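Enquirer: Before I ask anything, let me first share the structure, which is written out below as C-alpha cells.
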Amino acid sequence: MKNSKHLLGLPGISTGVSSDFQTISGLQGFDVNALKRGQRDRLPMPRQDLAYLVSNRIYDLVVATIAFILLLPLLLAVALTIKLTSKGPVFFRQQRYGLNGETFLIYKFRTMSVDSCDVTGVQQTVRNDPRVTAIGRFLRRTNFDELPQILNILKGEMSIVGPRPHVPGMLANGELYETFDPRYMLRHVVKPGLTGLAQVKGFRGETTNAQSARMRLEYDLRYIRRQSIPLDILITAQTFWKELFRSSGY
C-alpha cells in the first residue's frame, strides 16, 4: 500500500544532515562545502515529526478549501475580465522551485500581454512595468494574481505558509541567488508557501539590491528554524490584514 504520508501530500522524512555536514538528503543543487563554518552550524533543519507534518497538511487543506469556496465568485469574475480585456490564456503557468529543489508548475492569473510574458521569470517585474496589462496592474496591486496557487496547495505542491517559490535562475543583486548567498537552496528544504515570514516582514518583490535580497533569505531561513502551526496561523492572519488594508504589490 502506498505510504500514507504521500497520500496526504506530505514531504518525505528522509531529509537530514550527515554528521560531517557533507550532504542534505534529497536537496537538489546544494553544496554544503560552499558554506562557512558558522553557517554550517546554523543549517535550517525542517521539522520532520509526523504530528507536525500531518497537522501542517491538514491546516493547508482546510484553509485552502475554505478560501477556494469563498473566493470562487471572485476567481470566476477575474478570469472572465482577463479573457474579455486581452488576448491570451487566463492563467500563466511557470516552473518554480519546490520541495527539495525540484521544480513544479505554478498557477497565476495572467497579468501581462502574451507577447511580453517572461516564462523564465528571471526578468523581475518593476514598478510601472510596461508589460503589465490594465487589469494586470490591479491584480498585482491587490495580489489577486496569486490566488490560483490555492490549486497548487490542494495538490500538495505548496503550503499556505513557507518561502515564496522562486524561478530557477533567480537573480539577487544582479547575480544568481546561489552565488550571492550559498545558503540559498536551503530555503527549499520545505514546501514553498502562498505567503511567508519574509513577506509579512516587508521583504517581497524585487531583489535587485543586496540588502533586500539578503534579508528576504534570512527571514525564509528563520521561518524554517521556527516552524510551528501557531506561527503559520500568525503569518496567515498578518498576511490577510496587510493585503486587505496595506497591499503593496506591483
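In the C-alpha cells, each chain is lettered A, B, ... as it comes, each chain's residues begin at 1, and ligands are numbered from 1 in order of appearance.
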Give me the residues near Met158 of chain A as a count of residues only, where near means some atom within 8 Å (using only C-alpha atoms) and where sequence neighbours in that chain fewer than 3 positions away do not count.
Expert: 10
Enquirer: Taking the DSSP assignment computed from this structure's backbone, write out as a VMD selection string all residues of segment 161-210 of chain A that belong to alpha helix (DSSP H).
Expert: chain A and resid 177 to 180 197 to 200 210
Enquirer: For C-alpha atoms, I'd like the residues from the last selection saved as a CSV table (one decimal), in the first residue's frame.
Expert:
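Full text of out16.csv as output:
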chain,number,residue,atom,x,y,z
A,177,TYR,CA,21.0,33.9,-5.9
A,178,GLU,CA,23.0,30.7,-5.3
A,179,THR,CA,26.2,32.7,-6.0
A,180,PHE,CA,25.1,35.7,-4.0
A,197,LEU,CA,7.7,35.3,7.1
A,198,ALA,CA,9.8,37.4,4.7
A,199,GLN,CA,6.6,38.8,3.1
A,200,VAL,CA,4.9,39.9,6.3
A,210,ALA,CA,21.9,43.3,-1.7
Enquirer: What's around segment 102-111 of chain A at 6 Å? Count only C-alpha atoms, leave out sequence neighbours fewer than 3 positions away in its own chain, and write the answer as a list in words.
Expert: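 Selected residues are Val90, Phe91, Phe92, Arg93, Gln94, Gln95, Arg96, Tyr97, Gly98, Leu99, Val132, Thr133, Gly136, Asp145, Glu146, Pro148 and Gln149 of chain A.
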Enquirer: Generate a file of the selected residues that holds N, CA and C atoms, formatted as a short mmCIF file (atom, residue, chain, number, x, y, z; two decimals), in the first residue's frame.
Expert:
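Result file is result05.cif:
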data_model
loop_
_atom_site.label_atom_id
_atom_site.label_comp_id
_atom_site.auth_asym_id
_atom_site.auth_seq_id
_atom_site.Cartn_x
_atom_site.Cartn_y
_atom_site.Cartn_z
N VAL A 90 -6.15 32.68 -19.65
CA VAL A 90 -6.47 33.29 -18.36
C VAL A 90 -5.32 33.08 -17.38
N PHE A 91 -4.75 31.89 -17.42
CA PHE A 91 -3.71 31.55 -16.44
C PHE A 91 -2.31 31.64 -17.04
N PHE A 92 -1.38 32.00 -16.19
CA PHE A 92 0.04 32.00 -16.53
C PHE A 92 0.68 30.88 -15.72
N ARG A 93 1.36 29.97 -16.40
CA ARG A 93 2.00 28.84 -15.72
C ARG A 93 3.50 28.94 -15.88
N GLN A 94 4.21 28.57 -14.84
CA GLN A 94 5.65 28.79 -14.84
C GLN A 94 6.33 27.78 -13.92
N GLN A 95 7.52 27.34 -14.30
CA GLN A 95 8.28 26.43 -13.45
C GLN A 95 8.88 27.19 -12.27
N ARG A 96 8.70 26.67 -11.08
CA ARG A 96 9.26 27.26 -9.88
C ARG A 96 9.93 26.16 -9.05
N TYR A 97 10.84 26.58 -8.18
CA TYR A 97 11.45 25.64 -7.23
C TYR A 97 10.42 25.22 -6.19
N GLY A 98 10.37 23.91 -5.91
CA GLY A 98 9.50 23.39 -4.87
C GLY A 98 10.32 22.67 -3.82
N LEU A 99 9.68 21.73 -3.14
CA LEU A 99 10.33 20.98 -2.07
C LEU A 99 11.57 20.27 -2.58
N VAL A 132 2.79 44.94 -18.17
CA VAL A 132 1.60 44.60 -17.39
C VAL A 132 0.36 45.24 -18.02
N THR A 133 -0.71 44.46 -18.14
CA THR A 133 -1.98 44.96 -18.70
C THR A 133 -2.70 45.81 -17.66
N GLY A 136 -4.08 43.65 -15.19
CA GLY A 136 -2.93 43.06 -14.52
C GLY A 136 -2.39 43.95 -13.42
N ASP A 145 -3.55 38.09 -8.35
CA ASP A 145 -2.95 37.24 -9.37
C ASP A 145 -2.38 35.96 -8.77
N GLU A 146 -2.11 35.95 -7.46
CA GLU A 146 -1.53 34.78 -6.81
C GLU A 146 -2.59 33.76 -6.37
N PRO A 148 -4.74 31.71 -7.79
CA PRO A 148 -4.80 30.35 -8.35
C PRO A 148 -3.83 29.37 -7.71
N GLN A 149 -2.88 29.87 -6.92
CA GLN A 149 -1.94 28.97 -6.25
C GLN A 149 -2.64 28.16 -5.16
#
Enquirer: Please determine, counting only C-alpha atoms, which residue among A:Pro230, A:Asp181, A:Phe68, A:Val190 has the shortest atom-to-atom distance to Leu217 of chain A.
Expert: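 Using only C-alpha atoms, the shortest distance to Leu217 of chain A belongs to A:Asp181.
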Enquirer: Could you give me, as an NGL selection string, the residues within 9 Å of Leu75 of chain A, counting only C-alpha atoms and dropping anything in the same chain fewer than 4 positions from it?
Expert: :A and (68 or 71 or 79-80 or 144 or 147-148)
Enquirer: Return the single residue from A:Val78, A:Tyr184, A:Gly101, A:Leu61 that is closest to Leu35 of chain A, with distances computed using only C-alpha atoms.
Expert: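 Under the stated criterion, the closest residue is A:Tyr184.
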